[in-house]
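First comes the structure, then the notes that go with it.
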Amino acid sequence: MKNVIAKSTLREFWERHPDSAGAFKAWYAEAKAAEWKTPADIKVQFRSASILKDSRVVVNICGNKYRLIVKINYEHGVIRIRFVGTHKEYDAIDAETI
């Protein structure tokens with residue numbers, strides 16, 4: 001994908017949760033290099049990802065300890081980070097509207 005908006009959101013999270021830094025950095029690098037055109041392309045790369053409506057994807061990080069929700073514009077190659085948090089924080093939000 002051309003753009004991942006915003007890496008600073010990930011950085012702020014991994015600074016608070018240092019055990020997640022390697023996993024988020026790896027996800028970011030893979031997402032930047034990816035050429036996803038459909039949700040199926042994401043599932044090939046991240047089998048445990050959940051595809052939601054409105055071009056949203058939930059990714060499990062660190063064995064599902066953390067969750068990442070992104071919204072993807074496949075046509076323009078843009079990924080917008082909508083949520084990053086612990087599994088408990090994820091349970092308190094609506095992944096389809098955040």
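Convention: chains lettered A, B, ... in structure tokens order; per-chain residue numbering from 1; ligands numbered from 1 as shown.
Counting only C-alpha atoms, Lys65 in chain A has the following residues at most 9 Å away, ignoring those fewer than 6 positions along the same chain: Ser20, Gly85, Thr86, His87 and Lys88 of chain A.
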Go ahead and save the picked residues with N, CA, C and O atoms, as a PDB file, in the first residue's frame.
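This went into selection_8.pdb:
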```
ATOM      1  N   SER A  20       4.907  -5.099  22.269  1.00  0.00           N
ATOM      2  CA  SER A  20       4.213  -5.103  20.976  1.00  0.00           C
ATOM      3  C   SER A  20       5.030  -4.467  19.850  1.00  0.00           C
ATOM      4  O   SER A  20       4.655  -4.576  18.679  1.00  0.00           O
ATOM      5  N   GLY A  85      -5.191  -1.187  20.265  1.00  0.00           N
ATOM      6  CA  GLY A  85      -5.378  -1.333  21.700  1.00  0.00           C
ATOM      7  C   GLY A  85      -5.259  -2.766  22.155  1.00  0.00           C
ATOM      8  O   GLY A  85      -4.984  -3.673  21.363  1.00  0.00           O
ATOM      9  N   THR A  86      -5.488  -2.935  23.446  1.00  0.00           N
ATOM     10  CA  THR A  86      -5.463  -4.275  24.023  1.00  0.00           C
ATOM     11  C   THR A  86      -6.750  -5.000  23.631  1.00  0.00           C
ATOM     12  O   THR A  86      -7.720  -4.374  23.176  1.00  0.00           O
ATOM     13  N   HIS A  87      -6.750  -6.293  23.827  1.00  0.00           N
ATOM     14  CA  HIS A  87      -7.958  -7.059  23.525  1.00  0.00           C
ATOM     15  C   HIS A  87      -9.112  -6.554  24.391  1.00  0.00           C
ATOM     16  O   HIS A  87     -10.242  -6.420  23.907  1.00  0.00           O
ATOM     17  N   LYS A  88      -8.838  -6.244  25.645  1.00  0.00           N
ATOM     18  CA  LYS A  88      -9.883  -5.743  26.547  1.00  0.00           C
ATOM     19  C   LYS A  88     -10.443  -4.411  26.033  1.00  0.00           C
ATOM     20  O   LYS A  88     -11.656  -4.197  26.037  1.00  0.00           O
TER      21      LYS A  88
END
```
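The environment of range 52-57 of chain A within 6 Å, counting only C-alpha atoms and disregarding residues fewer than 3 places along the same chain, consists of Ile69, Val70, Lys71 and Ile72 of chain A.
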Selection above as a file: all heavy atoms, as a PDB file, in the first residue's frame:
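Okay, this is what ended up in again.pdb:
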```pdb
ATOM      1  N   ILE A  69      -7.330  -2.116  14.162  1.00  0.00           N
ATOM      2  CA  ILE A  69      -8.404  -1.964  13.176  1.00  0.00           C
ATOM      3  C   ILE A  69      -7.942  -0.928  12.171  1.00  0.00           C
ATOM      4  O   ILE A  69      -7.514   0.168  12.540  1.00  0.00           O
ATOM      5  CB  ILE A  69      -9.729  -1.503  13.806  1.00  0.00           C
ATOM      6  CG1 ILE A  69     -10.194  -2.490  14.862  1.00  0.00           C
ATOM      7  CG2 ILE A  69     -10.799  -1.322  12.718  1.00  0.00           C
ATOM      8  CD1 ILE A  69     -11.419  -2.029  15.641  1.00  0.00           C
ATOM      9  N   VAL A  70      -8.011  -1.298  10.907  1.00  0.00           N
ATOM     10  CA  VAL A  70      -7.661  -0.375   9.829  1.00  0.00           C
ATOM     11  C   VAL A  70      -8.809  -0.288   8.850  1.00  0.00           C
ATOM     12  O   VAL A  70      -9.626  -1.206   8.742  1.00  0.00           O
ATOM     13  CB  VAL A  70      -6.364  -0.809   9.101  1.00  0.00           C
ATOM     14  CG1 VAL A  70      -5.175  -0.767  10.031  1.00  0.00           C
ATOM     15  CG2 VAL A  70      -6.509  -2.176   8.473  1.00  0.00           C
ATOM     16  N   LYS A  71      -8.870   0.820   8.165  1.00  0.00           N
ATOM     17  CA  LYS A  71      -9.826   1.012   7.071  1.00  0.00           C
ATOM     18  C   LYS A  71      -8.997   1.188   5.812  1.00  0.00           C
ATOM     19  O   LYS A  71      -8.080   2.013   5.779  1.00  0.00           O
ATOM     20  CB  LYS A  71     -10.706   2.233   7.325  1.00  0.00           C
ATOM     21  CG  LYS A  71     -11.780   2.413   6.281  1.00  0.00           C
ATOM     22  CD  LYS A  71     -12.748   3.502   6.673  1.00  0.00           C
ATOM     23  CE  LYS A  71     -13.828   3.619   5.611  1.00  0.00           C
ATOM     24  NZ  LYS A  71     -14.839   4.607   5.982  1.00  0.00           N
ATOM     25  N   ILE A  72      -9.320   0.418   4.789  1.00  0.00           N
ATOM     26  CA  ILE A  72      -8.478   0.388   3.599  1.00  0.00           C
ATOM     27  C   ILE A  72      -9.214   0.926   2.380  1.00  0.00           C
ATOM     28  O   ILE A  72     -10.335   0.510   2.085  1.00  0.00           O
ATOM     29  CB  ILE A  72      -7.990  -1.047   3.320  1.00  0.00           C
ATOM     30  CG1 ILE A  72      -7.209  -1.565   4.535  1.00  0.00           C
ATOM     31  CG2 ILE A  72      -7.145  -1.093   2.058  1.00  0.00           C
ATOM     32  CD1 ILE A  72      -6.781  -3.004   4.428  1.00  0.00           C
TER      33      ILE A  72
END
```
Selection near Ile79 in chain A, 12 Å with only C-alpha atoms, sequence-local residues under 6 positions removed, as an MDAnalysis selection string: chainID A and resid 1:7 28 31:37 55:57 68:73
Exercise: Phe24 in chain A partners within 9 Å, only C-alpha atoms, chain neighbours under 6 positions left out, as a PyMOL selection string: chain A and resi 10-11+14+61-62
Write to file, as a PDB file, in the first residue's frame, the residues of the selection just made, with N, CA, C and O atoms.
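Below is the file that was written, again31.pdb:
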```pdb
ATOM      1  N   LEU A  10       0.719   3.996  15.918  1.00  0.00           N
ATOM      2  CA  LEU A  10       1.337   2.726  16.300  1.00  0.00           C
ATOM      3  C   LEU A  10       2.508   2.955  17.247  1.00  0.00           C
ATOM      4  O   LEU A  10       2.652   2.267  18.252  1.00  0.00           O
ATOM      5  N   ARG A  11       3.342   3.927  16.907  1.00  0.00           N
ATOM      6  CA  ARG A  11       4.530   4.220  17.713  1.00  0.00           C
ATOM      7  C   ARG A  11       4.132   4.575  19.147  1.00  0.00           C
ATOM      8  O   ARG A  11       4.729   4.085  20.108  1.00  0.00           O
ATOM      9  N   TRP A  14       3.158   1.304  20.890  1.00  0.00           N
ATOM     10  CA  TRP A  14       4.239   0.383  21.244  1.00  0.00           C
ATOM     11  C   TRP A  14       5.199   0.982  22.270  1.00  0.00           C
ATOM     12  O   TRP A  14       5.875   0.254  22.975  1.00  0.00           O
ATOM     13  N   ILE A  61      -2.583  -8.934  16.930  1.00  0.00           N
ATOM     14  CA  ILE A  61      -1.162  -8.662  17.101  1.00  0.00           C
ATOM     15  C   ILE A  61      -0.690  -9.348  18.386  1.00  0.00           C
ATOM     16  O   ILE A  61      -1.400  -9.320  19.394  1.00  0.00           O
ATOM     17  N   CYS A  62       0.492  -9.921  18.352  1.00  0.00           N
ATOM     18  CA  CYS A  62       1.073 -10.611  19.517  1.00  0.00           C
ATOM     19  C   CYS A  62       0.147 -11.718  20.023  1.00  0.00           C
ATOM     20  O   CYS A  62      -0.190 -11.772  21.204  1.00  0.00           O
TER      21      CYS A  62
END
```
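The environment of Glu89 in chain A within 9 Å, counting only C-alpha atoms and disregarding residues fewer than 5 places along the same chain, consists of Tyr66, Arg67 and Val84 of chain A.
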Margin query: Can you pull out every residue from chain A that DSSP, working from the backbone, puts in strand (DSSP E or B), and format the result as a VMD selection string?
Written below: chain A and resid 3 to 5 50 to 51 56 to 61 66 to 73 78 to 86
